[in-house]
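So the structure is just underneath, and the comments pick up after that.
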Amino acid sequence: MLQWSRIKEDLYNGIVLLQKGMLTTAVYSSQEADRLKFQYRLQAADRQLAEAYCVFGKYGLMKLESGHPDFMKDKEGLQLIQEIDAKRSERDMLLAKREAFDREEKQGEP
């Protein structure tokens, strides 16, 4: 009888450990998936910002070649600058969220 109760206790402890391990793995996997999604969003924001700078640079070169040195004051130039500022602030917001996520994760580690 002593053996049977020991086997039941060991089996119960094994199941508890397995459930705990599965839960830990699920949480870790979820965090990694969130981190990857966030990294992709950040890379997309970086690409969009680089493209906006490129468009602004080409626009500026065309205006300088045509003899308009104050292209940053016309309507199109201001729109491009506003677009760059919006994309830069979006990227900065994503970076701040990632840093907060990393800090939160480090505080949660044992």
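Naming scheme: A, B, ... for chains in displayed order of the structure tokens; residues 1 onward per chain; ligands 1 onward as shown.
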
Can you list, as an MDAnalysis selection string, every residue of region 60-90 of chain A that DSSP puts in helix (DSSP H, G or I)? chainID A and resid 60:65 71:73 75:90

Just write the chosen residues, C-alpha atoms, as a tab-separated table (two decimals), in the first residue's frame.
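Listed below is the output, part06.tsv:
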```tsv
chain	number	residue	atom	x	y	z
A	60	GLY	CA	15.10	69.20	-52.56
A	61	LEU	CA	17.60	68.38	-55.30
A	62	MET	CA	15.01	68.96	-58.01
A	63	LYS	CA	14.06	72.31	-56.52
A	64	LEU	CA	17.69	73.38	-56.10
A	65	GLU	CA	18.47	72.43	-59.69
A	71	PHE	CA	12.06	74.79	-51.15
A	72	MET	CA	11.55	74.04	-47.46
A	73	LYS	CA	9.06	76.90	-47.21
A	75	LYS	CA	3.62	73.81	-49.51
A	76	GLU	CA	5.05	70.52	-50.78
A	77	GLY	CA	8.28	70.92	-48.81
A	78	LEU	CA	6.38	71.60	-45.60
A	79	GLN	CA	4.17	68.55	-46.20
A	80	LEU	CA	7.23	66.36	-46.66
A	81	ILE	CA	8.78	67.76	-43.48
A	82	GLN	CA	5.56	67.09	-41.56
A	83	GLU	CA	5.47	63.54	-42.93
A	84	ILE	CA	9.07	62.97	-41.80
A	85	ASP	CA	8.28	64.37	-38.34
A	86	ALA	CA	5.23	62.10	-38.03
A	87	LYS	CA	7.22	59.02	-39.04
A	88	ARG	CA	10.06	59.96	-36.68
A	89	SER	CA	7.67	60.42	-33.75
A	90	GLU	CA	6.03	57.06	-34.56
```

Which of these, A:Leu95, A:Glu9, A:Gln107, A:Gly67, has the shortest distance to Asp46 (chain A) once you count only C-alpha atoms? A:Leu95

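Atom pair CA of Leu36 (chain A) / CA of Glu99 (chain A) has a distance of 14.0 Å (rounded to one decimal).
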
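Counting from CA of Glu104 (chain A), the distance to CA of Ser29 (chain A) is 16.3 Å.
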